[in-house]
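File shown here: upload_2.csv, holding CSV, C-alpha atoms and all ligand atoms.
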chain,number,residue,atom,x,y,z
A,102,PRO,CA,-15.6,15.9,-0.9
A,103,THR,CA,-15.9,13.9,-4.1
A,104,LEU,CA,-13.4,13.5,-6.9
A,105,GLY,CA,-14.3,13.6,-10.6
A,106,ARG,CA,-12.3,10.5,-11.7
A,107,LEU,CA,-10.2,8.3,-9.5
A,108,LEU,CA,-7.8,5.8,-11.0
A,109,LEU,CA,-7.4,2.5,-9.0
A,110,THR,CA,-4.6,0.3,-10.1
A,111,GLY,CA,-4.4,-3.3,-8.9
A,112,ALA,CA,-8.2,-3.4,-9.2
A,113,ALA,CA,-8.3,-7.2,-9.7
A,114,GLY,CA,-6.3,-7.8,-6.5
A,115,GLY,CA,-7.4,-8.6,-2.9
A,116,LEU,CA,-7.4,-4.9,-1.8
A,117,GLY,CA,-8.5,-3.6,-5.3
A,118,LYS,CA,-11.7,-5.6,-5.1
A,119,VAL,CA,-12.4,-4.2,-1.7
A,120,LEU,CA,-11.6,-0.6,-2.7
A,121,ARG,CA,-13.6,-0.9,-5.9
A,122,GLU,CA,-16.7,-1.0,-3.7
A,123,LYS,CA,-15.6,1.1,-0.7
A,124,LEU,CA,-14.2,4.1,-2.6
A,125,GLN,CA,-17.4,4.5,-4.6
A,126,PRO,CA,-18.7,7.4,-2.5
A,127,TYR,CA,-15.5,9.3,-3.0
A,128,ALA,CA,-15.4,9.7,-6.8
A,129,ARG,CA,-18.0,10.3,-9.5
A,130,ILE,CA,-16.2,7.7,-11.7
A,131,ILE,CA,-13.7,5.1,-10.6
A,132,ARG,CA,-11.4,3.9,-13.4
A,133,LEU,CA,-10.3,0.3,-12.6
A,134,SER,CA,-7.1,-1.1,-14.0
A,135,ASP,CA,-5.1,-4.3,-13.7
A,136,ILE,CA,-3.2,-6.8,-15.9
A,137,ALA,CA,-5.5,-9.6,-14.5
A,138,PRO,CA,-9.1,-10.0,-15.5
A,139,MET,CA,-11.7,-7.7,-13.8
A,140,ALA,CA,-15.4,-7.9,-13.5
A,141,PRO,CA,-17.1,-5.7,-16.1
A,142,ALA,CA,-18.1,-2.1,-15.2
A,143,ALA,CA,-21.1,-2.2,-12.9
A,144,GLY,CA,-22.6,1.0,-14.2
A,145,GLU,CA,-21.7,4.5,-15.3
A,146,HIS,CA,-19.6,5.2,-12.2
A,147,GLU,CA,-17.1,2.6,-13.3
A,148,GLU,CA,-14.6,2.3,-16.2
A,149,VAL,CA,-12.6,-0.9,-16.7
A,150,MET,CA,-9.2,-0.4,-18.5
A,151,PRO,CA,-6.8,-3.3,-18.5
A,152,CYS,CA,-3.1,-2.1,-18.5
A,153,ASP,CA,0.3,-3.5,-17.9
A,154,LEU,CA,2.1,-1.0,-15.6
A,155,ALA,CA,5.4,-1.9,-17.3
A,156,ASP,CA,4.1,-0.3,-20.5
A,157,LYS,CA,4.8,3.4,-20.3
A,158,ALA,CA,2.5,4.5,-23.2
A,159,ALA,CA,-0.3,2.4,-21.9
A,160,VAL,CA,0.0,3.9,-18.4
A,161,HIS,CA,0.1,7.3,-20.0
A,162,ALA,CA,-3.2,6.7,-21.7
A,163,LEU,CA,-4.6,5.2,-18.6
A,164,CYS,CA,-4.1,8.4,-16.7
A,165,GLU,CA,-5.8,10.7,-19.1
A,166,GLY,CA,-8.7,12.6,-17.5
A,167,VAL,CA,-7.8,11.4,-14.0
A,168,ASP,CA,-8.0,13.6,-10.9
A,169,ALA,CA,-6.2,11.3,-8.4
A,170,ILE,CA,-4.5,7.9,-8.4
A,171,ALA,CA,-4.8,5.1,-5.8
A,172,HIS,CA,-1.7,3.0,-6.9
A,173,PHE,CA,-2.3,-0.5,-5.6
A,174,GLY,CA,-1.1,-2.5,-8.7
A,175,GLY,CA,2.1,-4.5,-8.8
A,176,VAL,CA,3.8,-7.6,-7.4
A,177,SER,CA,2.7,-7.8,-3.8
A,178,VAL,CA,5.1,-10.5,-2.4
A,179,GLU,CA,8.8,-11.3,-2.7
A,180,ARG,CA,9.7,-12.4,-6.2
A,181,PRO,CA,12.8,-12.4,-8.5
A,182,PHE,CA,14.1,-8.9,-9.0
A,183,GLU,CA,13.2,-8.7,-12.7
A,184,GLU,CA,9.5,-9.2,-12.0
A,185,ILE,CA,9.6,-6.6,-9.3
A,186,LEU,CA,11.6,-4.2,-11.6
A,187,ASP,CA,8.9,-4.3,-14.3
A,188,ALA,CA,5.7,-4.2,-12.3
A,189,ASN,CA,6.8,-2.1,-9.2
A,190,ILE,CA,9.8,0.0,-10.1
A,191,ARG,CA,9.1,0.8,-13.7
A,192,GLY,CA,5.4,0.7,-13.0
A,193,THR,CA,5.5,3.3,-10.3
A,194,PHE,CA,7.8,5.5,-12.4
A,195,HIS,CA,5.2,5.3,-15.2
A,196,ILE,CA,2.5,6.3,-12.8
A,197,TYR,CA,4.4,9.4,-11.6
A,198,GLU,CA,5.4,10.4,-15.1
A,199,ALA,CA,1.8,10.1,-16.3
A,200,ALA,CA,0.7,12.1,-13.2
A,201,ARG,CA,3.2,14.9,-14.2
A,202,LEU,CA,2.2,14.9,-17.8
A,203,HIS,CA,-1.6,15.0,-17.0
A,204,GLY,CA,-1.4,17.4,-14.1
A,205,ILE,CA,-2.6,14.9,-11.6
A,206,LYS,CA,-1.8,16.3,-8.1
A,207,ARG,CA,-2.5,13.5,-5.7
A,208,VAL,CA,-1.3,9.9,-5.5
A,209,VAL,CA,-2.0,7.4,-2.7
A,210,PHE,CA,0.7,4.8,-2.9
A,211,ALA,CA,0.3,1.3,-1.5
A,212,SER,CA,3.6,1.0,0.2
A,213,SER,CA,4.3,-1.8,2.6
A,214,ASN,CA,5.7,-2.7,6.1
A,215,HIS,CA,8.4,-4.6,4.2
A,216,VAL,CA,10.2,-1.3,3.7
A,217,ILE,CA,11.1,-1.6,7.4
A,218,GLY,CA,10.9,-5.4,7.6
A,219,PHE,CA,14.3,-6.1,8.9
A,220,TYR,CA,13.7,-4.3,12.2
A,221,PRO,CA,13.1,-6.5,15.2
A,222,GLN,CA,9.6,-6.7,16.6
A,223,SER,CA,11.0,-5.3,19.9
A,224,GLU,CA,11.5,-1.8,18.3
A,225,THR,CA,8.9,0.9,17.9
A,226,LEU,CA,9.3,2.9,14.7
A,227,ASP,CA,7.9,6.2,13.6
A,228,THR,CA,7.9,7.1,9.9
A,229,HIS,CA,11.3,8.8,10.0
A,230,ALA,CA,13.1,5.7,11.1
A,231,PRO,CA,15.7,4.7,8.4
A,232,ARG,CA,14.2,2.1,6.1
A,233,ARG,CA,15.4,-1.5,6.3
A,234,PRO,CA,13.8,-3.3,3.4
A,235,ASP,CA,13.5,-7.1,3.7
A,236,GLY,CA,13.8,-8.1,0.0
A,237,TYR,CA,13.4,-6.9,-3.5
A,238,TYR,CA,9.7,-6.3,-2.9
A,239,GLY,CA,10.5,-4.1,0.1
A,240,LEU,CA,13.2,-2.4,-1.9
A,241,SER,CA,10.7,-1.6,-4.6
A,242,LYS,CA,8.3,0.0,-2.1
A,243,SER,CA,11.2,1.9,-0.6
A,244,TYR,CA,12.1,3.3,-4.0
A,245,GLY,CA,8.4,4.1,-4.6
A,246,GLU,CA,8.5,6.3,-1.4
A,247,ASP,CA,11.7,7.9,-2.7
A,248,MET,CA,10.0,8.6,-6.0
A,249,ALA,CA,7.1,10.1,-4.1
A,250,ASN,CA,9.5,12.5,-2.4
A,251,PHE,CA,11.1,13.4,-5.6
A,252,TYR,CA,7.9,14.1,-7.5
A,253,TYR,CA,6.7,16.3,-4.7
A,254,ASP,CA,9.9,18.3,-4.4
A,255,ARG,CA,10.4,18.7,-8.1
A,256,TYR,CA,6.8,18.9,-9.4
A,257,GLY,CA,4.5,19.4,-6.4
A,258,ILE,CA,2.7,16.1,-6.9
A,259,GLU,CA,1.5,15.1,-3.4
A,260,THR,CA,1.5,11.5,-2.2
A,261,VAL,CA,0.4,9.7,0.9
A,262,SER,CA,2.4,6.5,1.1
A,263,ILE,CA,0.5,3.9,3.2
A,264,ARG,CA,2.9,1.3,4.7
A,265,ILE,CA,0.2,-1.3,4.8
A,266,GLY,CA,0.7,-3.9,7.5
A,267,SER,CA,-1.5,-6.9,6.8
A,268,SER,CA,-4.8,-6.1,5.2
A,269,PHE,CA,-7.0,-9.2,5.0
A,270,PRO,CA,-10.5,-10.1,6.3
A,271,GLU,CA,-8.9,-11.4,9.6
A,272,PRO,CA,-5.4,-11.6,11.0
A,273,ALA,CA,-4.1,-15.0,9.7
A,274,ASN,CA,-1.4,-15.6,12.3
A,275,ARG,CA,0.2,-14.3,15.5
A,276,ARG,CA,2.4,-11.7,13.7
A,277,MET,CA,-0.7,-10.2,12.1
A,278,MET,CA,-2.2,-9.5,15.5
A,279,SER,CA,0.2,-6.6,15.5
A,280,THR,CA,0.2,-5.7,11.7
A,281,TRP,CA,-3.5,-6.2,10.9
A,282,LEU,CA,-5.4,-3.4,9.1
A,283,SER,CA,-9.1,-4.0,8.7
A,284,PHE,CA,-10.8,-3.2,5.4
A,285,ARG,CA,-12.9,-0.6,7.3
A,286,ASP,CA,-9.8,1.1,8.6
A,287,LEU,CA,-8.1,0.9,5.2
A,288,THR,CA,-11.1,2.6,3.7
A,289,GLU,CA,-11.0,5.4,6.2
A,290,LEU,CA,-7.3,5.8,5.8
A,291,MET,CA,-7.9,6.1,2.0
A,292,ARG,CA,-10.4,8.8,2.6
A,293,CYS,CA,-7.9,10.7,4.8
A,294,ALA,CA,-5.2,10.2,2.2
A,295,LEU,CA,-7.2,11.4,-0.7
A,296,PHE,CA,-8.8,14.5,0.9
A,297,THR,CA,-6.5,15.9,3.6
A,298,PRO,CA,-5.1,19.1,2.1
A,299,ALA,CA,-1.4,19.9,1.9
A,300,VAL,CA,0.1,16.4,2.6
A,301,GLY,CA,3.3,17.0,0.7
A,302,HIS,CA,4.7,13.4,0.9
A,303,THR,CA,3.3,11.9,4.0
A,304,VAL,CA,4.1,8.4,5.1
A,305,VAL,CA,1.7,6.5,7.4
A,306,TYR,CA,1.6,3.0,8.8
A,307,GLY,CA,-1.6,1.2,7.8
A,308,MET,CA,-2.7,-0.6,10.9
A,309,SER,CA,-5.8,-1.0,13.0
A,310,ALA,CA,-6.0,0.0,16.7
A,311,ASN,CA,-4.3,-3.3,17.7
A,312,ARG,CA,-3.2,-4.0,21.2
A,313,ASP,CA,0.5,-4.6,20.6
A,314,VAL,CA,1.9,-2.5,17.7
A,315,TRP,CA,5.4,-1.7,16.5
A,316,TRP,CA,4.6,1.5,14.7
A,317,ASP,CA,3.9,5.1,15.7
A,318,ASN,CA,2.0,7.4,13.4
A,319,HIS,CA,2.4,10.7,15.3
A,320,LEU,CA,4.2,12.2,12.3
A,321,ALA,CA,1.1,11.6,10.2
A,322,ALA,CA,-1.3,13.1,12.7
A,323,HIS,CA,-2.4,15.8,10.2
A,324,LEU,CA,-4.2,13.0,8.2
A,325,GLY,CA,-6.6,12.7,11.1
A,326,PHE,CA,-6.8,9.0,10.7
A,327,GLN,CA,-8.5,7.2,13.6
A,328,ALA,CA,-8.7,3.4,13.4
A,329,GLN,CA,-11.9,1.8,14.6
A,330,ASP,CA,-11.0,-1.9,14.6
A,331,SER,CA,-8.6,-4.0,16.6
A,332,SER,CA,-7.2,-7.5,16.0
A,333,GLU,CA,-8.1,-8.3,19.7
A,334,VAL,CA,-11.5,-9.7,18.7
A,335,PHE,CA,-9.5,-12.5,16.8
A,336,ARG,CA,-7.0,-13.3,19.6
A,337,ASP,CA,-8.6,-16.5,20.9
A,338,LYS,CA,-8.8,-17.9,17.4
A,339,VAL,CA,-5.3,-16.9,16.4
A,340,GLU,CA,-3.8,-18.1,19.6
A,341,GLN,CA,-5.0,-21.6,18.9
A,342,GLN,CA,-2.0,-21.7,16.5
A,343,PRO,CA,1.2,-22.8,18.2
A,344,PRO,CA,3.6,-20.1,19.3
A,345,TYR,CA,6.6,-19.4,17.0
A,346,SER,CA,9.8,-21.3,17.7
A,347,ALA,CA,12.6,-19.0,19.0
A,348,ASP,CA,14.4,-18.9,15.6
A,349,ASP,CA,11.3,-18.4,13.4
A,350,PRO,CA,11.6,-15.0,11.6
A,351,ALA,CA,7.8,-14.6,11.9
A,352,GLY,CA,8.2,-14.0,15.6
A,353,ILE,CA,11.5,-12.0,15.3
A,354,TYR,CA,11.3,-9.5,12.5
A,355,GLN,CA,8.6,-6.9,11.7
A,356,GLY,CA,8.5,-8.2,8.1
A,357,GLY,CA,8.1,-11.8,9.3
A,358,ALA,CA,8.9,-14.6,6.8
A,359,PHE,CA,9.6,-12.2,4.0
A,360,VAL,CA,13.1,-11.6,5.5
A,361,ALA,CA,14.0,-15.3,4.6
A,362,ALA,CA,12.4,-15.4,1.2
A,363,GLY,CA,14.6,-16.2,-1.8
A,364,PRO,CA,17.3,-16.4,-3.2
A,365,PHE,CA,15.5,-17.4,-6.4
A,366,ASP,CA,18.4,-19.1,-8.2
B,1,LIG,P1,-2.6,-8.5,-4.9
B,1,LIG,O1,-1.4,-9.2,-5.4
B,1,LIG,O2,-3.9,-9.2,-4.7
B,1,LIG,O3,-3.0,-7.3,-6.0
B,1,LIG,C1,-2.1,-6.7,-6.8
B,1,LIG,C2,-2.6,-6.6,-8.2
B,1,LIG,O4,-1.7,-5.9,-9.0
B,1,LIG,C3,-3.0,-7.9,-8.8
B,1,LIG,O5,-4.3,-8.0,-9.2
B,1,LIG,C4,-2.1,-8.0,-10.0
B,1,LIG,O6,-2.6,-8.6,-11.2
B,1,LIG,C5,-1.7,-6.5,-10.3
B,1,LIG,N1,-0.5,-6.4,-11.1
B,1,LIG,C6,0.7,-7.1,-10.9
B,1,LIG,N2,1.6,-6.8,-11.8
B,1,LIG,C7,1.0,-5.9,-12.6
B,1,LIG,C8,1.4,-5.2,-13.8
B,1,LIG,N3,2.6,-5.4,-14.3
B,1,LIG,N4,0.5,-4.4,-14.4
B,1,LIG,C9,-0.7,-4.2,-13.9
B,1,LIG,N5,-1.2,-4.8,-12.7
B,1,LIG,C10,-0.3,-5.6,-12.1
B,1,LIG,O7,-2.2,-7.6,-3.7
B,1,LIG,P2,-3.1,-6.9,-2.6
B,1,LIG,O8,-3.0,-7.6,-1.3
B,1,LIG,O9,-4.4,-6.5,-3.1
B,1,LIG,O10,-2.2,-5.6,-2.4
B,1,LIG,C11,-2.5,-4.4,-3.1
B,1,LIG,C12,-1.3,-3.4,-3.0
B,1,LIG,O11,-1.1,-3.2,-1.6
B,1,LIG,C13,0.0,-4.0,-3.5
B,1,LIG,O12,0.8,-2.9,-4.1
B,1,LIG,C14,0.7,-4.5,-2.3
B,1,LIG,O13,2.1,-4.5,-2.5
B,1,LIG,C15,0.2,-3.5,-1.2
B,1,LIG,N6,0.2,-4.1,0.1
B,1,LIG,C16,-0.7,-5.0,0.5
B,1,LIG,C17,-0.7,-5.5,1.7
B,1,LIG,C18,-1.8,-6.4,2.2
B,1,LIG,O14,-1.8,-6.8,3.4
B,1,LIG,N7,-2.8,-6.8,1.4
B,1,LIG,C19,0.3,-5.2,2.7
B,1,LIG,C20,1.3,-4.2,2.2
B,1,LIG,C21,1.2,-3.7,0.9
B,2,LIG,C1,2.7,-7.3,2.1
B,2,LIG,O1,3.3,-6.3,1.7
B,2,LIG,C2,2.0,-8.2,1.2
B,2,LIG,O2,1.5,-7.5,0.0
B,2,LIG,C3,0.8,-8.9,1.9
B,2,LIG,O3,0.4,-10.0,1.0
B,2,LIG,C4,1.2,-9.4,3.2
B,2,LIG,O4,2.2,-10.4,3.1
B,2,LIG,C5,1.7,-8.3,4.1
B,2,LIG,O5,2.7,-7.5,3.4
B,2,LIG,C6,2.3,-8.7,5.4
B,2,LIG,O6,3.4,-8.4,5.8
B,2,LIG,O7,1.5,-9.4,6.2

Can you give me the file's structure in the form of C-alpha cells?
Amino acid sequence: PTLGRLLLTGAAGGLGKVLREKLQPYARIIRLSDIAPMAPAAGEHEEVMPCDLADKAAVHALCEGVDAIAHFGGVSVERPFEEILDANIRGTFHIYEAARLHGIKRVVFASSNHVIGFYPQSETLDTHAPRRPDGYYGLSKSYGEDMANFYYDRYGIETVSIRIGSSFPEPANRRMMSTWLSFRDLTELMRCALFTPAVGHTVVYGMSANRDVWWDNHLAAHLGFQAQDSSEVFRDKVEQQPPYSADDPAGIYQGGAFVAAGPFD
C-alpha cells in the first residue's frame, strides 16, 4: 500500500534523515518538517515545510492535505521542563488537533523507552506495565501516549506509539546491547505501524531481535513486526568498553543515565 501524502516531523533529526529516505516507497509525497534546517526537496516526491511545533496555527497549516503523520519532531533528550512543554507537550497536542481538524486518521508517534525508564533492567515489561517515566522528557512521551488514547477514544484517530529503545547506526554502549533498534528494523516497524488496519492505539517497543531484552511485544502482535537485526554482531566491539560500576544507573535502570539527568537549576 502507498499513502498519498505522509507528514514527517523531526525531518532534520537523526531518525528523520533516515526515514526521509526509507519511507519513500510508502508515500507518493513526503512532507518534511522541522524547526532546524533541512536539505531542499530532492524531487516532486518531497515537500519541505519548516515549522515550530509549538506554533498551533503553523502546525495546522502543516497538516493540510496530509493522509498520515509520522511524528518524530521534538526535544529528544532530558531538558528543562519549559523546553519539553513547548516542543513535546504542546507540539503533540497541536499535531492531534490538526489531525482532528483535517480528518487525518493515522499517527505514528515516536514515543520512548524513557516512559518506563525507572524500571530496573532485571524486569521484563509488556506494554500494559504501568509507566515509570524517568524525567520530564519521559513524562512528555507518557503524556503523548495518553493523548493518543484520548484522540482514539474520542475521535477515532488511530496511533501506533513506538517506544523506541536506542536507534542509532550501532549500539554505542553496553546498555544499548539490549535497547538497540537498527534502522532497517525501524523502517519495517514504521511500515507495520502505517499500514496495519484497526490498530486503535497500539503501543510497541522499538527494538531489534537482541539477545538480552527487557521488553515483550506480545500485546502488539497484530502489527506483525518481525525484527531482522540483532545487536549481537557488535558485542565484541561494545564489550571492549569497561563494565558499569555497581552504582552506575546505565547498568541498573532501563532508562540508563536519563534517570539521573537534571535538576536544571
Ligand atoms: P533528534 O533530536 O535528532 O531529532 C528531533 C528533531 O526534532 C530535531 O531535528 C529538532 O530540530 C526537531 N525539533 C525539536 N523541537 C522542535 C520544535 N519545537 N518544532 C519542530 N521541530 C523540533 O532525535 P532523533 O534521535 O532523531 O529522534 C526522533 C524522535 O524519536 C524524537 O521524538 C525522539 O524523542 C524519539 N526517540 C528517539 C530515539 C533514538 O534512539 N534515536 C529513542 C527514543 C525516542
Ligand atoms: C531516547 O529517547 C533518546 O531520544 C535517544 O537519543 C537515546 O538516548 C535513547 O532514548 C536511549 O535511551 O538510548

Give me the residues within 8 Å of Gly192 of chain A as a ChimeraX atom specification, counting all atoms listed in the file and dropping any in the same chain fewer than 2 places off.
-> /A:154-157,175,187-190,194-196

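Among the candidate residues A:Ala347, A:Ile353, A:Ala273, A:Leu120, the one lying nearest to ligand LIG 2 (chain B) is A:Ala273, with distances computed using only C-alpha atoms and all ligand atoms.
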
Give me the residues near Val149 of chain A as a PDB file with C-alpha atoms, in the frame of the given file, where near means some atom within 6 Å (using only C-alpha atoms) and where sequence neighbours in that chain fewer than 5 positions away do not count.
ATOM      1  CA  ARG A 132     -11.400   3.900 -13.400  1.00  0.00           C
ATOM      2  CA  LEU A 133     -10.300   0.300 -12.600  1.00  0.00           C
ATOM      3  CA  ALA A 142     -18.100  -2.100 -15.200  1.00  0.00           C
TER       4      ALA A 142
END

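The neighbours of segment 288-305 of chain A here are the residues that come within 7 Å of it, using only C-alpha atoms and leaving out any residue fewer than 3 positions away in the same chain; they are Lys123, Val209, Thr228, Ala249, Asn250, Tyr253, Glu259, Thr260, Val261, Ser262, Ile263, Arg264, Phe284, Arg285, Asn318, Ala321, Leu324, Gly325 and Phe326 of chain A.
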
Considering all atoms listed in the file, tabulate each residue of chain A that lies at most 7 Å from ligand LIG 2 (chain B) along with its nearest interatomic pair and the corresponding distance in Å to one decimal; arrange the rows by chain and ascending residue number and present them as JSON lines.
{"residue": "A:Ser177", "atom": "CA", "partner": "B:LIG2", "partner_atom": "O2", "distance": 4.0}
{"residue": "A:Val178", "atom": "CA", "partner": "B:LIG2", "partner_atom": "O2", "distance": 5.3}
{"residue": "A:Ser213", "atom": "CA", "partner": "B:LIG2", "partner_atom": "O1", "distance": 4.7}
{"residue": "A:Asn214", "atom": "CA", "partner": "B:LIG2", "partner_atom": "O6", "distance": 6.2}
{"residue": "A:His215", "atom": "CA", "partner": "B:LIG2", "partner_atom": "O1", "distance": 5.9}
{"residue": "A:Ile265", "atom": "CA", "partner": "B:LIG2", "partner_atom": "O1", "distance": 6.6}
{"residue": "A:Gly266", "atom": "CA", "partner": "B:LIG2", "partner_atom": "C6", "distance": 5.5}
{"residue": "A:Ser267", "atom": "CA", "partner": "B:LIG2", "partner_atom": "O7", "distance": 4.0}
{"residue": "A:Ser268", "atom": "CA", "partner": "B:LIG2", "partner_atom": "C5", "distance": 6.9}
{"residue": "A:Met277", "atom": "CA", "partner": "B:LIG2", "partner_atom": "O7", "distance": 6.3}
{"residue": "A:Thr280", "atom": "CA", "partner": "B:LIG2", "partner_atom": "O7", "distance": 6.8}
{"residue": "A:Gly356", "atom": "CA", "partner": "B:LIG2", "partner_atom": "O6", "distance": 5.6}
{"residue": "A:Gly357", "atom": "CA", "partner": "B:LIG2", "partner_atom": "O6", "distance": 6.8}

Write out the residues from the selection above, keeping C-alpha atoms, as an mmCIF file, in the coordinates of the input.
data_model
loop_
_atom_site.group_PDB
_atom_site.id
_atom_site.type_symbol
_atom_site.label_atom_id
_atom_site.label_comp_id
_atom_site.auth_asym_id
_atom_site.auth_seq_id
_atom_site.Cartn_x
_atom_site.Cartn_y
_atom_site.Cartn_z
ATOM 1 C CA SER A 177 2.700 -7.800 -3.800
ATOM 2 C CA VAL A 178 5.100 -10.500 -2.400
ATOM 3 C CA SER A 213 4.300 -1.800 2.600
ATOM 4 C CA ASN A 214 5.700 -2.700 6.100
ATOM 5 C CA HIS A 215 8.400 -4.600 4.200
ATOM 6 C CA ILE A 265 0.200 -1.300 4.800
ATOM 7 C CA GLY A 266 0.700 -3.900 7.500
ATOM 8 C CA SER A 267 -1.500 -6.900 6.800
ATOM 9 C CA SER A 268 -4.800 -6.100 5.200
ATOM 10 C CA MET A 277 -0.700 -10.200 12.100
ATOM 11 C CA THR A 280 0.200 -5.700 11.700
ATOM 12 C CA GLY A 356 8.500 -8.200 8.100
ATOM 13 C CA GLY A 357 8.100 -11.800 9.300
#

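In terms of minimum interatomic distance to ligand LIG 1 (chain B), A:Arg191 ranks closest within A:Arg106, A:His319, A:Arg191, A:His146, counting only C-alpha atoms and all ligand atoms.
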
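A straight line drawn from atom CA of Tyr256 of chain A to atom CA of Ala159 of chain A is 21.9 Å long.
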
Identify which of the residues A:Gly236, A:Gly105, A:Gly111, A:Pro138 lies closest to ligand LIG 1 (chain B), counting only C-alpha atoms and all ligand atoms when measuring atom-to-atom distances.
-> A:Gly111

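The gap separating atom O14 of ligand LIG 1 (chain B) from atom CA of Gly114 of chain A is 10.9 Å, in Å to one decimal.
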
Which of these, A:Gly352, A:Pro364, A:Pro102, A:Pro151, has the shortest distance to ligand LIG 1 (chain B) once you count only C-alpha atoms and all ligand atoms?
-> A:Pro151

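Proximity of A:Gln355, A:Leu320, A:Asp254, A:Glu184 to His229 of chain A, computed with all atoms listed in the file, is greatest for A:Leu320.
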
Just give me the gap between atom CA of Ala169 of chain A and atom CA of Leu116 of chain A in Å, one decimal is fine.
-> 17.5 Å

Nearest to ligand LIG 1 (chain B) by atom-to-atom distance, counting all atoms listed in the file, from A:Tyr237, A:Tyr345, A:Phe210, A:Phe359 = A:Phe210

Write out as a PyMOL selection string which residues come within 8 Å of Ala199 of chain A when counting only C-alpha atoms, dropping same-chain ones fewer than 2 positions away.
-> chain A and resi 160-161+164+195-197+201-203

Do a neighbour search on Gln222 of chain A at 10 Å with all atoms listed in the file, toss out local chain neighbours closer than 3 positions, and write the hits as a compact mmCIF listing (two decimals) with C-alpha atoms, keeping the file's coordinate frame.
# COMPACT_ATOMS: atom_id res chain seq x y z
CA GLY A 218 10.90 -5.40 7.60
CA PHE A 219 14.30 -6.10 8.90
CA THR A 225 8.90 0.90 17.90
CA LEU A 226 9.30 2.90 14.70
CA ARG A 276 2.40 -11.70 13.70
CA SER A 279 0.20 -6.60 15.50
CA VAL A 314 1.90 -2.50 17.70
CA TRP A 315 5.40 -1.70 16.50
CA TRP A 316 4.60 1.50 14.70
CA PRO A 350 11.60 -15.00 11.60
CA ALA A 351 7.80 -14.60 11.90
CA GLY A 352 8.20 -14.00 15.60
CA ILE A 353 11.50 -12.00 15.30
CA TYR A 354 11.30 -9.50 12.50
CA GLN A 355 8.60 -6.90 11.70
CA GLY A 356 8.50 -8.20 8.10
CA GLY A 357 8.10 -11.80 9.30

Reconstruct all heavy atoms of segment 108-112 of chain A; output as an mmCIF file, in the frame of the given file.
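Generated file (selection_35.cif):
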data_model
loop_
_atom_site.group_PDB
_atom_site.id
_atom_site.type_symbol
_atom_site.label_atom_id
_atom_site.label_comp_id
_atom_site.auth_asym_id
_atom_site.auth_seq_id
_atom_site.Cartn_x
_atom_site.Cartn_y
_atom_site.Cartn_z
ATOM 1 N N LEU A 108 -8.408 6.972 -10.435
ATOM 2 C CA LEU A 108 -7.800 5.800 -11.000
ATOM 3 C C LEU A 108 -7.405 4.820 -9.887
ATOM 4 O O LEU A 108 -6.673 5.226 -8.982
ATOM 5 C CB LEU A 108 -6.590 6.117 -11.860
ATOM 6 C CG LEU A 108 -5.722 4.926 -12.306
ATOM 7 C CD1 LEU A 108 -6.486 3.982 -13.220
ATOM 8 C CD2 LEU A 108 -4.450 5.429 -12.983
ATOM 9 N N LEU A 109 -7.850 3.574 -9.960
ATOM 10 C CA LEU A 109 -7.400 2.500 -9.000
ATOM 11 C C LEU A 109 -6.654 1.475 -9.778
ATOM 12 O O LEU A 109 -7.242 0.746 -10.595
ATOM 13 C CB LEU A 109 -8.649 1.917 -8.324
ATOM 14 C CG LEU A 109 -8.382 0.714 -7.396
ATOM 15 C CD1 LEU A 109 -7.509 1.115 -6.205
ATOM 16 C CD2 LEU A 109 -9.695 0.091 -6.914
ATOM 17 N N THR A 110 -5.341 1.382 -9.536
ATOM 18 C CA THR A 110 -4.600 0.300 -10.100
ATOM 19 C C THR A 110 -4.599 -0.908 -9.169
ATOM 20 O O THR A 110 -4.848 -0.760 -7.978
ATOM 21 C CB THR A 110 -3.114 0.696 -10.431
ATOM 22 O OG1 THR A 110 -2.412 0.906 -9.185
ATOM 23 C CG2 THR A 110 -3.044 1.969 -11.278
ATOM 24 N N GLY A 111 -4.353 -2.087 -9.727
ATOM 25 C CA GLY A 111 -4.400 -3.300 -8.900
ATOM 26 C C GLY A 111 -5.881 -3.672 -8.590
ATOM 27 O O GLY A 111 -6.162 -4.367 -7.605
ATOM 28 N N ALA A 112 -6.812 -3.254 -9.452
ATOM 29 C CA ALA A 112 -8.200 -3.400 -9.200
ATOM 30 C C ALA A 112 -8.710 -4.849 -9.115
ATOM 31 O O ALA A 112 -9.762 -5.142 -8.542
ATOM 32 C CB ALA A 112 -9.065 -2.613 -10.180
#
